[in-house]
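Trainee: my_file.txt is the file, holding compact mmCIF, N, CA and C atoms:
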```
# COMPACT_ATOMS: atom_id res chain seq x y z
N MET A 1154 160.13 52.76 80.71
CA MET A 1154 160.16 52.43 79.31
C MET A 1154 158.98 51.53 79.00
N LEU A 1155 158.28 51.82 77.93
CA LEU A 1155 157.14 51.02 77.53
C LEU A 1155 157.59 49.85 76.68
N ASN A 1156 156.95 48.70 76.90
CA ASN A 1156 157.21 47.56 76.03
C ASN A 1156 156.40 47.74 74.76
N SER A 1157 156.96 47.33 73.65
CA SER A 1157 156.23 47.42 72.38
C SER A 1157 156.15 46.05 71.76
N GLN A 1158 155.10 45.83 71.01
CA GLN A 1158 154.93 44.58 70.28
C GLN A 1158 154.01 44.80 69.10
N VAL A 1159 154.10 43.89 68.15
CA VAL A 1159 153.20 43.93 67.01
C VAL A 1159 152.26 42.74 67.15
N VAL A 1160 150.97 43.01 67.13
CA VAL A 1160 149.96 41.96 67.24
C VAL A 1160 149.25 41.87 65.90
N THR A 1161 149.22 40.67 65.33
CA THR A 1161 148.55 40.48 64.04
C THR A 1161 147.37 39.54 64.23
N SER A 1162 146.21 39.98 63.81
CA SER A 1162 145.02 39.13 63.84
C SER A 1162 144.11 39.54 62.70
N ASN A 1163 143.52 38.58 62.05
CA ASN A 1163 142.60 38.85 60.94
C ASN A 1163 143.22 39.78 59.90
N SER A 1164 144.50 39.62 59.62
CA SER A 1164 145.22 40.42 58.62
C SER A 1164 145.36 41.89 59.01
N ASN A 1165 145.10 42.25 60.25
CA ASN A 1165 145.28 43.63 60.72
C ASN A 1165 146.39 43.66 61.75
N SER A 1166 147.46 44.41 61.47
CA SER A 1166 148.56 44.54 62.42
C SER A 1166 148.38 45.79 63.24
N VAL A 1167 148.65 45.68 64.53
CA VAL A 1167 148.55 46.81 65.44
C VAL A 1167 149.84 46.87 66.25
N LEU A 1168 150.45 48.02 66.31
CA LEU A 1168 151.65 48.25 67.09
C LEU A 1168 151.21 48.79 68.43
N THR A 1169 151.58 48.12 69.53
CA THR A 1169 151.14 48.56 70.85
C THR A 1169 152.31 49.10 71.65
N PHE A 1170 152.07 50.18 72.38
CA PHE A 1170 153.02 50.79 73.31
C PHE A 1170 152.29 50.91 74.64
N GLY A 1171 152.58 49.99 75.56
CA GLY A 1171 151.85 50.03 76.83
C GLY A 1171 150.37 49.86 76.58
N ASP A 1172 149.56 50.85 77.00
CA ASP A 1172 148.11 50.79 76.84
C ASP A 1172 147.64 51.40 75.53
N SER A 1173 148.54 51.96 74.72
CA SER A 1173 148.17 52.60 73.46
C SER A 1173 148.47 51.68 72.29
N SER A 1174 147.72 51.84 71.21
CA SER A 1174 148.00 51.04 70.02
C SER A 1174 147.83 51.91 68.78
N ILE A 1175 148.63 51.59 67.76
CA ILE A 1175 148.62 52.32 66.49
C ILE A 1175 148.60 51.28 65.39
N PRO A 1176 147.73 51.42 64.38
CA PRO A 1176 147.78 50.47 63.26
C PRO A 1176 149.17 50.50 62.62
N ALA A 1177 149.77 49.34 62.46
CA ALA A 1177 151.12 49.26 61.90
C ALA A 1177 151.19 49.86 60.51
N SER A 1178 150.08 49.84 59.78
CA SER A 1178 150.08 50.41 58.43
C SER A 1178 150.37 51.91 58.45
N LYS A 1179 150.17 52.55 59.60
CA LYS A 1179 150.43 53.99 59.72
C LYS A 1179 151.91 54.28 59.93
N ILE A 1180 152.66 53.27 60.28
CA ILE A 1180 154.08 53.46 60.57
C ILE A 1180 154.86 52.55 59.63
N THR A 1181 155.05 53.00 58.42
CA THR A 1181 155.68 52.20 57.37
C THR A 1181 157.05 51.69 57.80
N GLY A 1182 157.20 50.40 57.77
CA GLY A 1182 158.49 49.77 58.03
C GLY A 1182 158.84 49.61 59.50
N LEU A 1183 158.29 50.42 60.39
CA LEU A 1183 158.67 50.35 61.79
C LEU A 1183 158.26 49.03 62.42
N ALA A 1184 157.07 48.56 62.12
CA ALA A 1184 156.60 47.30 62.69
C ALA A 1184 157.53 46.16 62.30
N THR A 1185 157.97 46.14 61.06
CA THR A 1185 158.88 45.10 60.59
C THR A 1185 160.19 45.17 61.35
N LEU A 1186 160.72 46.39 61.50
CA LEU A 1186 161.99 46.54 62.22
C LEU A 1186 161.86 46.10 63.66
N LEU A 1187 160.74 46.41 64.31
CA LEU A 1187 160.54 45.98 65.69
C LEU A 1187 160.44 44.47 65.77
N ASN A 1188 159.74 43.86 64.83
CA ASN A 1188 159.63 42.40 64.81
C ASN A 1188 160.99 41.75 64.65
N GLU A 1189 161.88 42.40 63.89
CA GLU A 1189 163.22 41.85 63.67
C GLU A 1189 164.15 42.17 64.83
N LYS A 1190 163.64 42.87 65.85
CA LYS A 1190 164.48 43.28 66.99
C LYS A 1190 165.71 44.00 66.48
N ALA A 1191 165.47 45.02 65.67
CA ALA A 1191 166.53 45.74 64.98
C ALA A 1191 167.52 46.37 65.96
N THR A 1192 168.77 46.30 65.60
CA THR A 1192 169.82 47.00 66.31
C THR A 1192 170.20 48.22 65.50
N ILE A 1193 171.02 49.07 66.05
CA ILE A 1193 171.50 50.23 65.30
C ILE A 1193 172.18 49.77 64.01
N ALA A 1194 172.95 48.71 64.08
CA ALA A 1194 173.62 48.20 62.89
C ALA A 1194 172.61 47.77 61.83
N ALA A 1195 171.53 47.10 62.25
CA ALA A 1195 170.50 46.68 61.29
C ALA A 1195 169.81 47.89 60.70
N LEU A 1196 169.55 48.90 61.52
CA LEU A 1196 168.93 50.12 60.99
C LEU A 1196 169.84 50.79 59.98
N ASN A 1197 171.14 50.85 60.27
CA ASN A 1197 172.08 51.44 59.32
C ASN A 1197 172.03 50.71 57.99
N THR A 1198 172.01 49.39 58.03
CA THR A 1198 171.99 48.61 56.81
C THR A 1198 170.71 48.86 56.03
N LYS A 1199 169.58 48.88 56.70
CA LYS A 1199 168.31 49.08 56.03
C LYS A 1199 168.16 50.50 55.49
N MET A 1200 168.64 51.47 56.25
CA MET A 1200 168.46 52.86 55.86
C MET A 1200 169.59 53.37 54.99
N ASN A 1201 170.70 52.62 54.95
CA ASN A 1201 171.85 53.03 54.15
C ASN A 1201 172.45 54.34 54.65
N ILE A 1202 172.39 54.59 55.95
CA ILE A 1202 173.04 55.75 56.57
C ILE A 1202 174.07 55.21 57.56
N TRP A 1203 175.28 55.72 57.50
CA TRP A 1203 176.38 55.22 58.32
C TRP A 1203 177.01 56.37 59.09
N TYR A 1204 177.60 56.08 60.27
CA TYR A 1204 178.29 57.10 61.05
C TYR A 1204 179.62 56.56 61.55
N ALA A 1205 180.63 57.43 61.56
CA ALA A 1205 181.92 57.12 62.18
C ALA A 1205 182.67 58.43 62.38
N ALA A 1206 183.62 58.41 63.28
CA ALA A 1206 184.48 59.57 63.51
C ALA A 1206 185.73 59.42 62.63
N ASP A 1207 186.20 60.53 62.11
CA ASP A 1207 187.40 60.57 61.29
C ASP A 1207 188.62 60.24 62.15
N ALA A 1208 189.56 59.50 61.56
CA ALA A 1208 190.75 59.08 62.29
C ALA A 1208 192.02 59.72 61.75
N GLN A 1209 191.92 60.73 60.90
CA GLN A 1209 193.07 61.37 60.28
C GLN A 1209 193.30 62.76 60.86
N ALA A 1210 194.42 63.34 60.53
CA ALA A 1210 194.74 64.70 60.96
C ALA A 1210 195.05 65.59 59.77
N ASN A 1211 194.35 65.34 58.65
CA ASN A 1211 194.57 66.17 57.46
C ASN A 1211 193.34 66.09 56.56
N ASP A 1212 193.47 66.56 55.33
CA ASP A 1212 192.34 66.61 54.39
C ASP A 1212 191.99 65.26 53.77
N SER A 1213 192.72 64.22 54.12
CA SER A 1213 192.41 62.86 53.66
C SER A 1213 191.67 62.16 54.79
N TYR A 1214 190.36 62.41 54.88
CA TYR A 1214 189.56 61.84 55.96
C TYR A 1214 189.47 60.33 55.82
N VAL A 1215 189.53 59.63 56.95
CA VAL A 1215 189.48 58.17 56.98
C VAL A 1215 188.49 57.76 58.06
N ILE A 1216 187.52 56.91 57.69
CA ILE A 1216 186.57 56.42 58.68
C ILE A 1216 186.42 54.90 58.56
N THR A 1217 186.02 54.29 59.66
CA THR A 1217 185.77 52.86 59.70
C THR A 1217 184.34 52.65 60.15
N LEU A 1218 183.54 52.05 59.29
CA LEU A 1218 182.13 51.82 59.58
C LEU A 1218 181.91 50.40 60.08
N SER A 1219 180.88 50.25 60.89
CA SER A 1219 180.45 48.94 61.34
C SER A 1219 178.93 48.93 61.34
N PRO A 1220 178.29 48.00 60.64
CA PRO A 1220 178.91 46.93 59.89
C PRO A 1220 179.66 47.46 58.67
N VAL A 1221 180.57 46.67 58.17
CA VAL A 1221 181.43 47.09 57.07
C VAL A 1221 180.67 47.00 55.74
N PRO A 1222 180.60 48.10 54.99
CA PRO A 1222 179.96 48.02 53.67
C PRO A 1222 180.87 47.24 52.71
N ALA A 1223 180.26 46.47 51.83
CA ALA A 1223 181.02 45.67 50.86
C ALA A 1223 181.64 46.54 49.79
N SER A 1224 180.98 47.66 49.48
CA SER A 1224 181.47 48.56 48.44
C SER A 1224 180.75 49.90 48.57
N TYR A 1225 181.22 50.88 47.82
CA TYR A 1225 180.49 52.14 47.72
C TYR A 1225 179.27 51.88 46.84
N THR A 1226 178.13 52.41 47.23
CA THR A 1226 176.93 52.26 46.42
C THR A 1226 176.29 53.63 46.21
N THR A 1227 175.78 53.86 45.02
CA THR A 1227 175.12 55.12 44.71
C THR A 1227 173.96 55.35 45.68
N GLY A 1228 173.93 56.53 46.27
CA GLY A 1228 172.91 56.87 47.26
C GLY A 1228 173.33 56.60 48.69
N MET A 1229 174.47 55.96 48.88
CA MET A 1229 174.99 55.67 50.22
C MET A 1229 175.18 56.98 50.97
N MET A 1230 174.65 57.05 52.19
CA MET A 1230 174.79 58.26 53.00
C MET A 1230 175.71 57.98 54.18
N ILE A 1231 176.61 58.92 54.42
CA ILE A 1231 177.57 58.82 55.52
C ILE A 1231 177.52 60.10 56.33
N VAL A 1232 177.56 59.96 57.63
CA VAL A 1232 177.75 61.09 58.52
C VAL A 1232 179.06 60.80 59.24
N PHE A 1233 179.99 61.75 59.17
CA PHE A 1233 181.25 61.55 59.91
C PHE A 1233 181.60 62.82 60.67
N LYS A 1234 182.30 62.61 61.77
CA LYS A 1234 182.77 63.72 62.58
C LYS A 1234 184.21 64.00 62.19
N ALA A 1235 184.45 65.20 61.66
CA ALA A 1235 185.77 65.56 61.16
C ALA A 1235 186.74 65.86 62.31
N ALA A 1236 187.90 65.25 62.25
CA ALA A 1236 188.93 65.50 63.26
C ALA A 1236 189.61 66.84 63.04
N THR A 1237 189.64 67.29 61.78
CA THR A 1237 190.30 68.55 61.43
C THR A 1237 189.47 69.32 60.42
N ALA A 1238 189.71 70.62 60.36
CA ALA A 1238 189.09 71.45 59.33
C ALA A 1238 189.83 71.20 58.01
N ASN A 1239 189.11 71.32 56.91
CA ASN A 1239 189.80 71.15 55.63
C ASN A 1239 190.52 72.44 55.24
N THR A 1240 191.63 72.27 54.52
CA THR A 1240 192.39 73.43 54.06
C THR A 1240 192.35 73.57 52.54
N THR A 1241 191.82 72.58 51.88
CA THR A 1241 191.72 72.57 50.41
C THR A 1241 190.74 71.48 50.03
N GLY A 1242 190.76 71.07 48.75
CA GLY A 1242 189.94 69.94 48.36
C GLY A 1242 190.33 68.72 49.18
N CYS A 1243 189.39 67.81 49.41
CA CYS A 1243 189.72 66.68 50.27
C CYS A 1243 189.04 65.39 49.80
N THR A 1244 189.44 64.30 50.45
CA THR A 1244 188.92 62.98 50.13
C THR A 1244 188.44 62.28 51.40
N ILE A 1245 187.70 61.21 51.19
CA ILE A 1245 187.32 60.34 52.29
C ILE A 1245 187.55 58.90 51.85
N ASN A 1246 188.12 58.11 52.76
CA ASN A 1246 188.35 56.69 52.51
C ASN A 1246 187.57 55.93 53.57
N VAL A 1247 186.61 55.13 53.13
CA VAL A 1247 185.72 54.39 54.02
C VAL A 1247 186.16 52.93 54.06
N ASN A 1248 186.56 52.46 55.22
CA ASN A 1248 186.94 51.06 55.42
C ASN A 1248 187.93 50.55 54.37
N GLY A 1249 188.83 51.42 53.91
CA GLY A 1249 189.84 51.00 52.95
C GLY A 1249 189.29 50.70 51.56
N LEU A 1250 188.08 51.18 51.25
CA LEU A 1250 187.49 50.95 49.93
C LEU A 1250 188.09 51.85 48.86
N GLY A 1251 188.93 52.77 49.26
CA GLY A 1251 189.57 53.69 48.31
C GLY A 1251 189.11 55.12 48.54
N ALA A 1252 190.04 56.04 48.41
CA ALA A 1252 189.75 57.47 48.63
C ALA A 1252 188.85 58.00 47.52
N LYS A 1253 187.82 58.73 47.92
CA LYS A 1253 186.91 59.39 46.97
C LYS A 1253 186.89 60.87 47.28
N ASP A 1254 186.83 61.69 46.23
CA ASP A 1254 186.74 63.14 46.42
C ASP A 1254 185.47 63.51 47.17
N ILE A 1255 185.56 64.58 47.97
CA ILE A 1255 184.39 65.20 48.58
C ILE A 1255 184.18 66.52 47.86
N THR A 1256 182.99 66.72 47.33
CA THR A 1256 182.68 67.96 46.63
C THR A 1256 181.42 68.58 47.23
N LYS A 1257 181.11 69.79 46.78
CA LYS A 1257 179.86 70.45 47.17
C LYS A 1257 179.13 70.85 45.89
N ARG A 1258 177.85 71.09 46.00
CA ARG A 1258 177.05 71.48 44.83
C ARG A 1258 177.36 70.60 43.62
N VAL A 1259 177.30 69.32 43.81
CA VAL A 1259 177.52 68.27 42.82
C VAL A 1259 179.00 68.05 42.51
N SER A 1260 179.67 69.03 41.89
CA SER A 1260 181.05 68.75 41.47
C SER A 1260 182.04 69.87 41.77
N THR A 1261 181.68 70.82 42.64
CA THR A 1261 182.57 71.92 42.98
C THR A 1261 183.52 71.49 44.09
N ALA A 1262 184.83 71.69 43.89
CA ALA A 1262 185.81 71.35 44.92
C ALA A 1262 185.55 72.17 46.18
N LEU A 1263 185.85 71.57 47.32
CA LEU A 1263 185.66 72.28 48.58
C LEU A 1263 186.64 73.43 48.71
N SER A 1264 186.20 74.49 49.36
CA SER A 1264 187.05 75.63 49.70
C SER A 1264 187.58 75.44 51.11
N THR A 1265 188.66 76.13 51.44
CA THR A 1265 189.19 76.09 52.79
C THR A 1265 188.10 76.46 53.78
N GLY A 1266 187.94 75.62 54.80
CA GLY A 1266 186.95 75.90 55.85
C GLY A 1266 185.54 75.42 55.56
N ASP A 1267 185.31 74.70 54.47
CA ASP A 1267 183.98 74.13 54.22
C ASP A 1267 183.66 73.03 55.24
N ILE A 1268 184.70 72.42 55.79
CA ILE A 1268 184.56 71.45 56.87
C ILE A 1268 185.32 71.99 58.07
N LEU A 1269 184.67 72.04 59.23
CA LEU A 1269 185.29 72.53 60.45
C LEU A 1269 185.68 71.37 61.36
N GLN A 1270 186.67 71.59 62.21
CA GLN A 1270 187.05 70.57 63.18
C GLN A 1270 185.85 70.27 64.07
N GLY A 1271 185.55 69.00 64.26
CA GLY A 1271 184.44 68.58 65.11
C GLY A 1271 183.08 68.61 64.43
N MET A 1272 183.04 69.04 63.18
CA MET A 1272 181.79 69.15 62.44
C MET A 1272 181.25 67.77 62.05
N LEU A 1273 179.93 67.60 62.16
CA LEU A 1273 179.28 66.41 61.64
C LEU A 1273 178.97 66.68 60.17
N CYS A 1274 179.61 65.94 59.30
CA CYS A 1274 179.48 66.15 57.85
C CYS A 1274 178.56 65.08 57.26
N TRP A 1275 177.55 65.54 56.53
CA TRP A 1275 176.62 64.64 55.85
C TRP A 1275 177.06 64.51 54.39
N LEU A 1276 177.34 63.28 53.98
CA LEU A 1276 177.80 63.02 52.61
C LEU A 1276 176.88 62.00 51.94
N VAL A 1277 176.72 62.15 50.64
CA VAL A 1277 176.01 61.15 49.84
C VAL A 1277 176.88 60.79 48.65
N TYR A 1278 176.95 59.51 48.34
CA TYR A 1278 177.78 59.02 47.23
C TYR A 1278 176.96 59.04 45.95
N ASP A 1279 177.49 59.68 44.91
CA ASP A 1279 176.74 59.80 43.65
C ASP A 1279 177.18 58.78 42.59
N GLY A 1280 177.99 57.84 42.98
CA GLY A 1280 178.51 56.84 42.04
C GLY A 1280 179.93 57.12 41.62
N THR A 1281 180.39 58.36 41.87
CA THR A 1281 181.75 58.76 41.52
C THR A 1281 182.47 59.38 42.70
N ARG A 1282 181.77 60.23 43.44
CA ARG A 1282 182.36 60.99 44.55
C ARG A 1282 181.31 61.17 45.64
N PHE A 1283 181.77 61.66 46.79
CA PHE A 1283 180.85 62.01 47.88
C PHE A 1283 180.56 63.50 47.80
N ILE A 1284 179.30 63.85 47.91
CA ILE A 1284 178.88 65.25 47.91
C ILE A 1284 178.48 65.62 49.33
N ILE A 1285 179.09 66.69 49.85
CA ILE A 1285 178.75 67.14 51.20
C ILE A 1285 177.44 67.94 51.12
N LEU A 1286 176.52 67.59 51.98
CA LEU A 1286 175.21 68.23 51.97
C LEU A 1286 175.15 69.44 52.89
N ASN A 1287 176.13 69.59 53.77
CA ASN A 1287 176.11 70.69 54.72
C ASN A 1287 177.44 71.42 54.84
N PRO A 1288 178.01 71.90 53.72
CA PRO A 1288 179.27 72.65 53.85
C PRO A 1288 179.04 73.96 54.59
N VAL A 1289 180.09 74.44 55.25
CA VAL A 1289 180.02 75.76 55.87
C VAL A 1289 179.87 76.78 54.75
N VAL A 1290 178.99 77.74 54.93
CA VAL A 1290 178.78 78.76 53.90
C VAL A 1290 179.86 79.80 54.03
N ASN A 1291 180.73 79.89 53.03
CA ASN A 1291 181.83 80.87 53.04
C ASN A 1291 181.50 82.04 52.14
```
Take the structure in the file and write it out as structure tokens.
Mentor:
Amino acid sequence: MLNSQVVTSNSNSVLTFGDSSIPASKITGLATLLNEKATIAALNTKMNIWYAADAQANDSYVITLSPVPASYTTGMMIVFKAATANTTGCTINVNGLGAKDITKRVSTALSTGDILQGMLCWLVYDGTRFIILNPVVN
């Protein structure tokens, strides 16, 4: 594994990997994250993408994220692993913040089988509901 560091001199930052170096300006935000010794949790917070496995056995999906989000925010992205396939329209409840509908194509209710057991589901919160970005094509 190569050690990495950010070296700043004369207002020029360079990101080094072993014997190689890349101007930090070419890697937007990465140099800052490395300087902060970012953890996965810090990356999740900065990128607003969260992951958890579903803990339910029905169409009311429940996940627990860490770190815990204070609230649902527009643009919030979640990836969750579904414990079960959906059989009808469904909801997701994140850290007890309240169940929100999951829809496809903005506001269309899910059809049976749009979510499969074990599927990694990508959702984005639009301010009202979560929209699945990768439903199974039926």
Trainee: Nearest to Asp1212 in chain A among A:Gly1228, A:Pro1288, A:Gly1266, A:Gly1251, with distances taken over only C-alpha atoms: which residue is it?
Mentor: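 For Asp1212 in chain A, the nearest of the given residues is A:Gly1266.
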Trainee: In Å, how far is it from CA of Ser1224 in chain A to CA of Lys1253 in chain A?
Mentor: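 Distance between the two atoms: 12.2 Å.
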Trainee: Given the choices A:Ser1264, A:Asn1287, A:Ser1219, A:Thr1237, which gets closest to Asp1207 in chain A if the distance is worked out from only C-alpha atoms?
Mentor: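 Between A:Ser1264, A:Asn1287, A:Ser1219, A:Thr1237, the residue approaching Asp1207 in chain A most closely is A:Thr1237.
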Trainee: Within 12 Å of Thr1226 in chain A, counting only C-alpha atoms, which residues qualify if same-chain residues fewer than 2 places away don't, as a compact mmCIF listing (two decimals) with N, CA and C atoms, in the frame of the given file?
Mentor:
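The result, written out as result_33.txt:
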```txt
# COMPACT_ATOMS: atom_id res chain seq x y z
N ASN A 1201 170.70 52.62 54.95
CA ASN A 1201 171.85 53.03 54.15
C ASN A 1201 172.45 54.34 54.65
N ILE A 1202 172.39 54.59 55.95
CA ILE A 1202 173.04 55.75 56.57
C ILE A 1202 174.07 55.21 57.56
N PRO A 1222 180.60 48.10 54.99
CA PRO A 1222 179.96 48.02 53.67
C PRO A 1222 180.87 47.24 52.71
N ALA A 1223 180.26 46.47 51.83
CA ALA A 1223 181.02 45.67 50.86
C ALA A 1223 181.64 46.54 49.79
N SER A 1224 180.98 47.66 49.48
CA SER A 1224 181.47 48.56 48.44
C SER A 1224 180.75 49.90 48.57
N GLY A 1228 173.93 56.53 46.27
CA GLY A 1228 172.91 56.87 47.26
C GLY A 1228 173.33 56.60 48.69
N MET A 1229 174.47 55.96 48.88
CA MET A 1229 174.99 55.67 50.22
C MET A 1229 175.18 56.98 50.97
N MET A 1230 174.65 57.05 52.19
CA MET A 1230 174.79 58.26 53.00
C MET A 1230 175.71 57.98 54.18
N ILE A 1231 176.61 58.92 54.42
CA ILE A 1231 177.57 58.82 55.52
C ILE A 1231 177.52 60.10 56.33
N VAL A 1247 186.61 55.13 53.13
CA VAL A 1247 185.72 54.39 54.02
C VAL A 1247 186.16 52.93 54.06
N LEU A 1250 188.08 51.18 51.25
CA LEU A 1250 187.49 50.95 49.93
C LEU A 1250 188.09 51.85 48.86
N VAL A 1277 176.72 62.15 50.64
CA VAL A 1277 176.01 61.15 49.84
C VAL A 1277 176.88 60.79 48.65
N TYR A 1278 176.95 59.51 48.34
CA TYR A 1278 177.78 59.02 47.23
C TYR A 1278 176.96 59.04 45.95
N ASP A 1279 177.49 59.68 44.91
CA ASP A 1279 176.74 59.80 43.65
C ASP A 1279 177.18 58.78 42.59
N GLY A 1280 177.99 57.84 42.98
CA GLY A 1280 178.51 56.84 42.04
C GLY A 1280 179.93 57.12 41.62
N THR A 1281 180.39 58.36 41.87
CA THR A 1281 181.75 58.76 41.52
C THR A 1281 182.47 59.38 42.70
N ARG A 1282 181.77 60.23 43.44
CA ARG A 1282 182.36 60.99 44.55
C ARG A 1282 181.31 61.17 45.64
N PHE A 1283 181.77 61.66 46.79
CA PHE A 1283 180.85 62.01 47.88
C PHE A 1283 180.56 63.50 47.80
```
Trainee: Considering all atoms listed in the file, state which residue in the set A:Val1290, A:Ala1235, A:Ile1284, A:Ile1245 is at the smallest distance from Gln1270 in chain A.
Mentor: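 Checking each of A:Val1290, A:Ala1235, A:Ile1284, A:Ile1245 against Gln1270 in chain A, counting all atoms listed in the file, the winner is A:Ala1235.
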Trainee: Check the DSSP output for the backbone and give back, as a PDB file with N, CA and C atoms, in the frame of the given file, the residues of range 1244-1287 of chain A in strand (DSSP E or B).
Mentor:
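Final file, part.pdb:
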```pdb
ATOM      1  N   THR A1244     189.440  64.300  50.450  1.00  0.00           N
ATOM      2  CA  THR A1244     188.920  62.980  50.130  1.00  0.00           C
ATOM      3  C   THR A1244     188.440  62.280  51.400  1.00  0.00           C
ATOM      4  N   ILE A1245     187.700  61.210  51.190  1.00  0.00           N
ATOM      5  CA  ILE A1245     187.320  60.340  52.290  1.00  0.00           C
ATOM      6  C   ILE A1245     187.550  58.900  51.850  1.00  0.00           C
ATOM      7  N   ASN A1246     188.120  58.110  52.760  1.00  0.00           N
ATOM      8  CA  ASN A1246     188.350  56.690  52.510  1.00  0.00           C
ATOM      9  C   ASN A1246     187.570  55.930  53.570  1.00  0.00           C
ATOM     10  N   VAL A1247     186.610  55.130  53.130  1.00  0.00           N
ATOM     11  CA  VAL A1247     185.720  54.390  54.020  1.00  0.00           C
ATOM     12  C   VAL A1247     186.160  52.930  54.060  1.00  0.00           C
ATOM     13  N   ALA A1252     190.040  56.040  48.410  1.00  0.00           N
ATOM     14  CA  ALA A1252     189.750  57.470  48.630  1.00  0.00           C
ATOM     15  C   ALA A1252     188.850  58.000  47.520  1.00  0.00           C
ATOM     16  N   LYS A1253     187.820  58.730  47.920  1.00  0.00           N
ATOM     17  CA  LYS A1253     186.910  59.390  46.970  1.00  0.00           C
ATOM     18  C   LYS A1253     186.890  60.870  47.280  1.00  0.00           C
ATOM     19  N   ASP A1254     186.830  61.690  46.230  1.00  0.00           N
ATOM     20  CA  ASP A1254     186.740  63.140  46.420  1.00  0.00           C
ATOM     21  C   ASP A1254     185.470  63.510  47.170  1.00  0.00           C
ATOM     22  N   ILE A1255     185.560  64.580  47.970  1.00  0.00           N
ATOM     23  CA  ILE A1255     184.390  65.200  48.580  1.00  0.00           C
ATOM     24  C   ILE A1255     184.180  66.520  47.860  1.00  0.00           C
ATOM     25  N   THR A1256     182.990  66.720  47.330  1.00  0.00           N
ATOM     26  CA  THR A1256     182.680  67.960  46.630  1.00  0.00           C
ATOM     27  C   THR A1256     181.420  68.580  47.230  1.00  0.00           C
ATOM     28  N   LYS A1257     181.110  69.790  46.780  1.00  0.00           N
ATOM     29  CA  LYS A1257     179.860  70.450  47.170  1.00  0.00           C
ATOM     30  C   LYS A1257     179.130  70.850  45.890  1.00  0.00           C
ATOM     31  N   THR A1261     181.680  70.820  42.640  1.00  0.00           N
ATOM     32  CA  THR A1261     182.570  71.920  42.980  1.00  0.00           C
ATOM     33  C   THR A1261     183.520  71.490  44.090  1.00  0.00           C
ATOM     34  N   ALA A1262     184.830  71.690  43.890  1.00  0.00           N
ATOM     35  CA  ALA A1262     185.810  71.350  44.920  1.00  0.00           C
ATOM     36  C   ALA A1262     185.550  72.170  46.180  1.00  0.00           C
ATOM     37  N   LEU A1273     179.930  67.600  62.160  1.00  0.00           N
ATOM     38  CA  LEU A1273     179.280  66.410  61.640  1.00  0.00           C
ATOM     39  C   LEU A1273     178.970  66.680  60.170  1.00  0.00           C
ATOM     40  N   CYS A1274     179.610  65.940  59.300  1.00  0.00           N
ATOM     41  CA  CYS A1274     179.480  66.150  57.850  1.00  0.00           C
ATOM     42  C   CYS A1274     178.560  65.080  57.260  1.00  0.00           C
ATOM     43  N   TRP A1275     177.550  65.540  56.530  1.00  0.00           N
ATOM     44  CA  TRP A1275     176.620  64.640  55.850  1.00  0.00           C
ATOM     45  C   TRP A1275     177.060  64.510  54.390  1.00  0.00           C
ATOM     46  N   LEU A1276     177.340  63.280  53.980  1.00  0.00           N
ATOM     47  CA  LEU A1276     177.800  63.020  52.610  1.00  0.00           C
ATOM     48  C   LEU A1276     176.880  62.000  51.940  1.00  0.00           C
ATOM     49  N   VAL A1277     176.720  62.150  50.640  1.00  0.00           N
ATOM     50  CA  VAL A1277     176.010  61.150  49.840  1.00  0.00           C
ATOM     51  C   VAL A1277     176.880  60.790  48.650  1.00  0.00           C
ATOM     52  N   TYR A1278     176.950  59.510  48.340  1.00  0.00           N
ATOM     53  CA  TYR A1278     177.780  59.020  47.230  1.00  0.00           C
ATOM     54  C   TYR A1278     176.960  59.040  45.950  1.00  0.00           C
ATOM     55  N   PHE A1283     181.770  61.660  46.790  1.00  0.00           N
ATOM     56  CA  PHE A1283     180.850  62.010  47.880  1.00  0.00           C
ATOM     57  C   PHE A1283     180.560  63.500  47.800  1.00  0.00           C
ATOM     58  N   ILE A1284     179.300  63.850  47.910  1.00  0.00           N
ATOM     59  CA  ILE A1284     178.880  65.250  47.910  1.00  0.00           C
ATOM     60  C   ILE A1284     178.480  65.620  49.330  1.00  0.00           C
ATOM     61  N   ILE A1285     179.090  66.690  49.850  1.00  0.00           N
ATOM     62  CA  ILE A1285     178.750  67.140  51.200  1.00  0.00           C
ATOM     63  C   ILE A1285     177.440  67.940  51.120  1.00  0.00           C
TER      64      ILE A1285
END
```
Trainee: Using only N, CA and C atoms, which residue out of A:Leu1286, A:Thr1256, A:Asn1239, A:Asn1246 lies closest to Leu1269 in chain A?
Mentor: A:Asn1239
Trainee: Quick one, how far is atom C of Tyr1214 in chain A from CA of Asn1248 in chain A?
Mentor: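 Here the two named atoms are 9.6 Å from each other.
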Trainee: Kindly give the distance, in Å, that separates CA of Val1289 in chain A and CA of Ala1238 in chain A, rounded to a single decimal.
Mentor: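 Separation of CA of Val1289 in chain A and CA of Ala1238 in chain A: 10.6 Å.
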Trainee: Could you tell me which of A:Ala1262, A:Leu1273, A:Tyr1225, A:Ala1206 comes closest to Cys1243 in chain A if we count all atoms listed in the file?
Mentor: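 The answer is A:Ala1262, which sits nearest to Cys1243 in chain A.
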Trainee: Under the rule that only C-alpha atoms are counted, which of A:Ser1260, A:Asn1211, A:Thr1240, A:Thr1265 is the nearest residue to Ile1285 in chain A?
Mentor: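 Comparing A:Ser1260, A:Asn1211, A:Thr1240, A:Thr1265 against Ile1285 in chain A, the winner is A:Ser1260.
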